[in-house]
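Participant: What follows is my_file-v6.txt; its format and atoms are compact mmCIF, C-alpha atoms.
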# COMPACT_ATOMS: atom_id res chain seq x y z
CA ALA A 1 25.43 -10.45 -15.86
CA GLU A 2 26.59 -6.85 -15.55
CA ALA A 3 23.19 -5.55 -16.66
CA GLU A 4 21.43 -7.82 -14.15
CA ARG A 5 23.71 -6.56 -11.37
CA ALA A 6 23.04 -2.92 -12.29
CA GLU A 7 19.29 -3.51 -12.32
CA ALA A 8 19.44 -5.25 -8.94
CA GLU A 9 21.34 -2.28 -7.54
CA ARG A 10 18.70 0.11 -8.87
CA ALA A 11 15.95 -2.01 -7.31
CA ALA A 12 17.82 -2.01 -4.00
CA GLU A 13 18.25 1.76 -4.17
CA ALA A 14 14.51 2.17 -4.77
CA GLU A 15 13.87 0.01 -1.71
CA ARG A 16 16.13 2.20 0.43
CA ALA A 17 14.45 5.35 -0.83
CA THR A 18 11.18 4.78 1.05
CA ALA A 19 10.97 6.80 4.25
CA ALA A 20 8.50 8.36 6.63
CA VAL A 21 10.75 10.95 8.26
CA ALA A 22 13.15 13.29 6.49
CA ALA A 23 15.39 16.17 7.46
CA VAL A 24 15.72 18.94 4.91
CA ALA A 25 18.52 21.46 4.62
CA ALA A 26 19.89 24.00 2.18
CA ALA A 27 23.45 22.96 1.36
CA ALA A 28 25.69 24.78 -1.14
CA GLY A 29 22.77 27.05 -2.02
CA LYS A 30 20.51 24.16 -3.06
CA PRO A 31 17.95 22.44 -0.81
CA SER A 32 18.71 18.80 -0.13
CA HIS A 33 17.50 16.08 2.23
CA GLU A 34 18.68 13.31 4.49
CA LEU A 35 16.49 10.42 5.59
CA TYR A 36 16.45 9.69 9.31
CA ALA A 37 13.85 6.90 9.54
CA GLU A 38 12.80 4.41 6.88
CA GLU A 39 9.21 3.55 6.13
CA HIS A 40 8.04 0.29 7.71
CA SER A 41 6.71 -1.09 4.43
CA PRO A 42 7.17 -4.50 2.75
CA THR A 43 9.97 -2.97 0.60
CA ASN A 44 12.18 -2.29 3.64
CA LEU A 45 14.99 -4.85 3.55
CA GLN A 46 15.86 -4.43 7.23
CA GLU A 47 12.23 -5.01 8.20
CA TYR A 48 12.10 -8.07 5.94
CA MET A 49 15.12 -9.54 7.73
CA ARG A 50 13.68 -8.64 11.15
CA VAL A 51 10.31 -10.28 10.45
CA ARG A 52 11.90 -13.38 8.93
CA SER A 53 14.08 -13.83 12.01
CA THR A 54 11.06 -14.15 14.33
CA ALA A 55 9.41 -17.42 15.31
CA GLY A 56 6.61 -17.24 12.74
CA GLY A 57 8.25 -14.90 10.26
CA GLU A 58 9.28 -17.57 7.75
CA ALA A 59 5.60 -18.09 6.92
CA VAL A 60 5.08 -14.44 5.94
CA SER A 61 5.28 -13.35 2.29
CA PHE A 62 6.53 -9.95 1.09
CA VAL A 63 4.98 -9.49 -2.37
CA TYR A 64 4.07 -6.92 -5.00
CA ASP A 65 0.35 -6.09 -5.03
CA CYS A 66 -0.53 -6.91 -8.64
CA PRO A 67 -4.09 -6.21 -9.83
CA ASP A 68 -4.37 -9.73 -11.32
CA TYR A 69 -3.52 -11.22 -7.89
CA GLU A 70 -0.26 -12.77 -9.09
CA GLU A 71 2.28 -12.79 -6.26
CA PHE A 72 5.92 -11.95 -6.92
CA ASN A 73 8.30 -11.92 -3.98
CA ILE A 74 10.00 -8.58 -3.37
CA PHE A 75 13.17 -10.16 -2.02
CA GLY A 76 15.40 -13.05 -2.97
CA THR A 77 19.02 -13.96 -2.25
CA ASP A 78 22.25 -13.05 -4.00
CA ALA A 79 25.13 -15.37 -4.88
CA SER A 80 26.37 -15.29 -1.29
CA GLY A 81 22.95 -16.21 0.10
CA ALA A 82 22.26 -12.75 1.53
CA ALA A 83 18.78 -11.25 1.21
CA CYS A 84 18.40 -8.63 -1.52
CA ALA A 85 15.78 -7.01 -3.74
CA ASP A 86 14.77 -9.36 -6.57
CA ALA A 87 15.14 -7.39 -9.82
CA ALA A 88 13.64 -10.15 -11.97
CA ASN A 89 10.48 -10.30 -9.85
CA LEU A 90 10.19 -6.50 -9.98
CA ARG A 91 10.18 -6.72 -13.79
CA MET A 92 7.55 -9.47 -13.66
CA ALA A 93 5.38 -7.41 -11.31
CA ASP A 94 5.61 -4.44 -13.67
CA GLU A 95 4.58 -6.67 -16.56
CA HIS A 96 1.55 -7.75 -14.52
CA GLY A 97 0.48 -4.15 -13.99
CA VAL A 98 1.58 -3.38 -10.43
CA LEU A 99 0.93 0.31 -9.84
CA VAL A 100 3.39 2.99 -8.74
CA LYS A 101 2.19 4.75 -5.59
CA ASN A 102 4.37 7.85 -5.29
CA PRO A 103 6.93 10.07 -7.09
CA ARG A 104 9.78 7.80 -5.93
CA ASP A 105 8.50 4.91 -8.08
CA ASP A 106 7.64 2.75 -5.07
CA ARG A 107 5.19 0.01 -6.07
CA PHE A 108 2.14 -1.13 -4.16
CA THR A 109 3.18 -4.03 -1.95
CA LEU A 110 1.70 -6.39 0.64
CA LEU A 111 2.73 -8.37 3.69
CA LEU A 112 0.77 -11.63 3.59
CA VAL A 113 0.15 -13.38 6.93
CA PRO A 114 -0.99 -17.01 6.52
CA GLU A 115 -4.34 -18.38 7.63
CA GLY A 116 -4.52 -20.18 10.95
CA ARG A 117 -6.70 -22.15 13.34
CA TYR A 118 -6.84 -21.31 17.05
CA GLU A 119 -8.55 -22.79 20.07
CA LEU A 120 -10.75 -20.28 21.89
CA THR A 121 -9.45 -19.60 25.40
CA HIS A 122 -12.96 -19.08 26.82
CA GLN A 123 -14.41 -22.15 25.02
CA PRO A 124 -12.00 -25.08 25.28
CA GLY A 125 -12.51 -27.50 22.43
CA SER A 126 -13.89 -24.79 20.14
CA PHE A 127 -11.75 -23.33 17.34
CA ALA A 128 -11.72 -20.19 15.20
CA GLU A 129 -10.47 -20.01 11.64
CA VAL A 130 -8.43 -16.94 10.72
CA GLU A 131 -8.19 -16.12 7.02
CA GLU A 132 -5.01 -14.92 5.34
CA GLN A 133 -4.38 -11.29 6.21
CA ALA A 134 -2.82 -8.65 3.96
CA LEU A 135 -1.07 -5.65 5.50
CA THR A 136 0.79 -2.76 3.94
CA MET A 137 3.18 -2.25 6.85
CA THR A 138 5.48 -4.30 9.08
CA ARG A 139 4.78 -2.38 12.30
CA SER A 140 1.32 -1.48 13.52
CA LEU A 141 -0.96 -0.94 16.48
CA GLY A 142 -3.54 -3.68 16.67
CA ASP A 143 -3.32 -6.52 14.13
CA PHE A 144 -2.69 -8.88 17.04
CA TYR A 145 -2.87 -12.00 14.89
CA ALA A 146 -0.16 -10.64 12.59
CA HIS A 147 2.00 -9.90 15.62
CA GLU A 148 2.44 -13.65 16.04
CA TYR A 149 4.27 -13.62 12.70
CA GLY A 150 6.75 -10.79 13.30
CA VAL A 151 4.62 -7.68 12.83
CA THR A 152 5.18 -5.50 15.89
CA ALA A 153 3.90 -2.38 17.61
CA ALA A 154 7.41 -1.55 18.86
CA PRO A 155 8.61 1.79 17.44
CA GLU A 156 11.96 2.22 15.72
CA VAL A 157 14.12 4.62 17.75
CA ARG A 158 17.18 6.46 16.49
CA THR A 159 19.24 8.92 18.52
CA ILE A 160 21.15 11.65 16.68
CA PRO A 161 23.25 14.16 18.70
CA LEU A 162 22.30 17.56 17.28
CA ALA A 163 25.83 18.84 17.91
CA GLN A 164 27.02 16.46 15.17
CA VAL A 165 24.58 17.80 12.56
CA ARG A 166 26.59 20.31 10.54
CA LEU A 167 24.34 21.60 7.79
CA SER A 168 23.26 25.02 6.57
CA HIS A 169 19.73 25.98 7.69
CA PRO A 170 18.84 22.53 9.10
CA ALA A 171 15.18 21.74 9.63
CA LEU A 172 13.46 18.53 10.62
CA LEU A 173 10.17 17.52 9.02
CA LEU A 174 8.01 14.80 10.55
CA ALA A 175 5.16 14.04 8.16
CA SER A 176 2.57 11.38 7.41
CA ASP A 177 2.33 9.43 4.16
CA GLY A 178 -0.29 11.89 2.93
CA VAL A 179 2.73 14.12 2.27
CA TRP A 180 5.21 11.53 1.01
CA ASP A 181 2.65 10.02 -1.38
CA ILE A 182 2.65 13.32 -3.27
CA TRP A 183 6.20 14.71 -3.26
CA ASP A 184 9.75 13.59 -3.77
CA TYR A 185 12.06 14.50 -0.88
CA ASP A 186 13.96 17.22 -2.72
CA GLU A 187 10.66 18.82 -3.78
CA VAL A 188 9.69 19.07 -0.12
CA ALA A 189 13.07 20.58 0.75
CA ALA A 190 12.77 23.17 -2.00
CA GLN A 191 9.33 24.30 -0.79
CA LEU A 192 10.09 24.45 2.94
CA VAL A 193 13.76 25.47 3.20
CA PRO A 194 14.86 28.37 0.97
CA ALA A 195 18.54 28.64 0.16
CA THR A 196 18.54 32.02 1.92
CA GLY A 197 17.60 30.41 5.22
CA LEU A 198 14.54 29.49 7.24
CA GLY A 199 13.81 33.06 8.33
CA SER A 200 11.45 34.04 11.10
CA LEU A 201 8.86 31.85 12.76
CA ASP A 202 6.12 33.70 10.88
CA ALA A 203 7.91 33.03 7.58
CA MET A 204 8.17 29.33 8.39
CA ARG A 205 4.49 29.19 9.27
CA GLU A 206 3.56 30.89 6.00
CA ARG A 207 5.66 28.47 3.93
CA ALA A 208 4.25 25.50 5.86
CA ALA A 209 0.67 26.70 5.24
CA ARG A 210 1.34 27.13 1.50
CA PHE A 211 2.95 23.69 1.39
CA CYS A 212 -0.02 22.04 3.13
CA GLU A 213 -2.46 23.66 0.73
CA ALA A 214 -0.35 22.65 -2.29
CA THR A 215 -0.21 19.09 -0.94
CA ARG A 216 -3.97 18.98 -0.36
CA ALA A 217 -4.70 20.31 -3.85
CA THR A 218 -2.24 17.96 -5.53
CA GLY A 219 -3.57 14.99 -3.60
CA PHE A 220 -7.14 15.82 -4.66
CA LYS A 221 -6.00 16.21 -8.28
CA TYR A 222 -4.44 12.73 -8.30
CA PHE A 223 -6.75 10.80 -5.97
CA GLY A 224 -9.95 12.81 -5.57
CA GLU A 225 -11.87 12.01 -2.38
CA ARG A 226 -9.55 9.03 -1.81
CA ALA A 227 -6.59 11.33 -1.12
CA ASP A 228 -4.91 10.53 2.19
CA ASN A 229 -4.97 12.97 5.09
CA LEU A 230 -1.77 14.88 5.84
CA THR A 231 -0.07 15.85 9.06
CA GLY A 232 3.35 17.36 9.58
CA VAL A 233 5.62 19.12 12.06
CA LEU A 234 8.42 21.39 10.82
CA VAL A 235 11.20 22.11 13.33
CA ASN A 236 13.92 24.74 12.98
CA LEU A 237 17.18 23.20 14.22
CA SER A 238 19.47 26.07 13.24
CA GLU A 239 19.95 27.28 16.79
CA VAL A 240 21.02 23.93 18.24
CA CYS A 241 22.84 22.03 15.49
CA GLY A 242 26.62 22.02 15.16
CA ARG A 243 27.26 23.49 18.60
Would you write out, as structure tokens, the structure that this file holds?

Facilitator:
Amino acid sequence: AEAERAEAERAAEAERATAAVAAVAAAAGKPSHELYAEEHSPTNLQEYMRVRSTAGGEAVSFVYDCPDYEEFNIFGTDASGAACADAANLRMADEHGVLVKNPRDDRFTLLLVPEGRYELTHQPGSFAEVEEQALTMTRSLGDFYAHEYGVTAAPEVRTIPLAQVRLSHPALLLASDGVWDIWDYDEVAAQLVPATGLGSLDAMRERAARFCEATRATGFKYFGERADNLTGVLVNLSEVCGR
């Protein structure tokens, strides 16, 4: 039982580790990071609970994307009935060959929206069949059919007073998954925020350019022409934080 609990905790920690936005800072002479916005993927427990609480959300499945098309639910319930990452299903998905998609050991996952039948508004009495849809995110622009099942275009907003951020050499990095598919968070921090400080604007631009080229080259090495595009904005917060 103790081993099962430990494995469930590790699975839950892996789920929390997915993120799209990170702040990086050099603390105690060593670059570190803090996540400020989680990725809206099927492994996000808060998004799972949000979708399931909507009118059609109970019909949606959050599953591992196994190459043999077996479907293993990402989440289950613990002894108290609360939603949690299902460690046993994660093991089963690994046994069925689910692939790891980034350095944080996140697996490929899917949000499955059930098929449906709808009457056409401009042709009363005529119906359209909608096949099951598979998405890789819980929030999106478009995907209007999936929006009836809890997927939403509403952004997640978090407000953080900069005066309360007390870190050495704080910088904020907003980046697309073309970056996070390649690097772990601490690797990004080490490349963009030296322990000696962020330096001048020109120095930041030079580091950012080297980082983008390293990301492009590494992405091509791993994925070839299928490598995702990358976009990022690096912001120096040293002048405004902690004041």

Participant: For A:Gln46, which residue out of A:Glu129, A:Asp202, A:Glu156, A:Asp228 is the nearest one, using all atoms listed in the file?

Facilitator: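 Closest candidate: A:Glu156.
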
Participant: Show me, as number ranges by chain, the residues that have an atom within 6 Å of A:Leu111 when counting only C-alpha atoms, minus same-chain residues fewer than 5 positions from it.

Facilitator: A: 42, 61-62, 134-136

Participant: Tell me, as a count of residues only, which residues lie within 12 Å of A:Leu198, counting all atoms listed in the file; anything in the same chain fewer than 2 positions away does not count.

Facilitator: 32

Participant: Within 12 Å of A:Pro155, counting all atoms listed in the file, which residues qualify if same-chain residues fewer than 5 places away don't, as a list in words?

Facilitator: Ala37, Glu38, Glu39, His40, Thr138, Arg139, Ser140 and Leu141 of chain A

Participant: Between A:Arg104, A:Thr109, A:Asp78, A:Ser126, which residue has the minimum interatomic distance to A:Asp186, considering all atoms listed in the file?

Facilitator: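 The answer is A:Arg104, which sits nearest to A:Asp186.
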
Participant: Let me know the centre plus edge lengths, in Å and rounded to one decimal, of a box with edges along x, y and z that contains all listed atoms of stretch 137-143 of chain A and is padded by 8 Å on every side, as lines of an AutoDock Vina configuration file.

Facilitator:
center_x = 1.0
center_y = -3.7
center_z = 11.8
size_x = 25.0
size_y = 21.6
size_z = 25.8

Participant: Return the single residue from A:Val151, A:Leu35, A:Ala128, A:Val100 that is closest to A:Tyr48, with distances computed using only C-alpha atoms.

Facilitator: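 Among A:Val151, A:Leu35, A:Ala128, A:Val100, it is A:Val151 that comes nearest to A:Tyr48.
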
Participant: By how many Å are atom CA of A:Asn102 and atom CA of A:Ala175 apart?

Facilitator: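 Calculated distance between atom CA of A:Asn102 and atom CA of A:Ala175 is 14.8 Å.
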
Participant: May I ask for the distance between atom CA of A:Val179 and atom CA of A:Gly199, given in Å to one decimal place?

Facilitator: 22.8 Å

Participant: Go ahead and compute the interatomic distance for atom CA of A:Glu132 and atom CA of A:Val113, in Å to one decimal.

Facilitator: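 Straight-line distance from atom CA of A:Glu132 to atom CA of A:Val113 works out to 5.6 Å.
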
Participant: Fewer than 3 positions away in the same chain doesn't count, so skip those; otherwise give me all residues within 12 Å of A:Gly116, counting only C-alpha atoms, as a PDB file with C-alpha atoms, in the coordinates of the input.

Facilitator:
ATOM      1  CA  GLY A  56       6.610 -17.240  12.740  1.00  0.00           C
ATOM      2  CA  ALA A  59       5.600 -18.090   6.920  1.00  0.00           C
ATOM      3  CA  VAL A 113       0.150 -13.380   6.930  1.00  0.00           C
ATOM      4  CA  GLU A 119      -8.550 -22.790  20.070  1.00  0.00           C
ATOM      5  CA  PHE A 127     -11.750 -23.330  17.340  1.00  0.00           C
ATOM      6  CA  ALA A 128     -11.720 -20.190  15.200  1.00  0.00           C
ATOM      7  CA  GLU A 129     -10.470 -20.010  11.640  1.00  0.00           C
ATOM      8  CA  VAL A 130      -8.430 -16.940  10.720  1.00  0.00           C
ATOM      9  CA  GLU A 131      -8.190 -16.120   7.020  1.00  0.00           C
ATOM     10  CA  GLU A 132      -5.010 -14.920   5.340  1.00  0.00           C
ATOM     11  CA  GLN A 133      -4.380 -11.290   6.210  1.00  0.00           C
ATOM     12  CA  TYR A 145      -2.870 -12.000  14.890  1.00  0.00           C
ATOM     13  CA  ALA A 146      -0.160 -10.640  12.590  1.00  0.00           C
ATOM     14  CA  GLU A 148       2.440 -13.650  16.040  1.00  0.00           C
ATOM     15  CA  TYR A 149       4.270 -13.620  12.700  1.00  0.00           C
TER      16      TYR A 149
END

Participant: I want to know what sits within 8 Å of A:Gly57, based on all atoms listed in the file, with residues of the same chain fewer than 4 positions away left out; could you give that as a ChimeraX atom specification?

Facilitator: /A:51-53,149-150

Participant: Next, write the just-selected residues to a file, as a short mmCIF file (atom, residue, chain, number, x, y, z; two decimals), keeping the file's coordinate frame, keeping C-alpha atoms as the atom set.

Facilitator:
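Result written to result03.cif:
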data_model
loop_
_atom_site.label_atom_id
_atom_site.label_comp_id
_atom_site.auth_asym_id
_atom_site.auth_seq_id
_atom_site.Cartn_x
_atom_site.Cartn_y
_atom_site.Cartn_z
CA VAL A 51 10.31 -10.28 10.45
CA ARG A 52 11.90 -13.38 8.93
CA SER A 53 14.08 -13.83 12.01
CA TYR A 149 4.27 -13.62 12.70
CA GLY A 150 6.75 -10.79 13.30
#
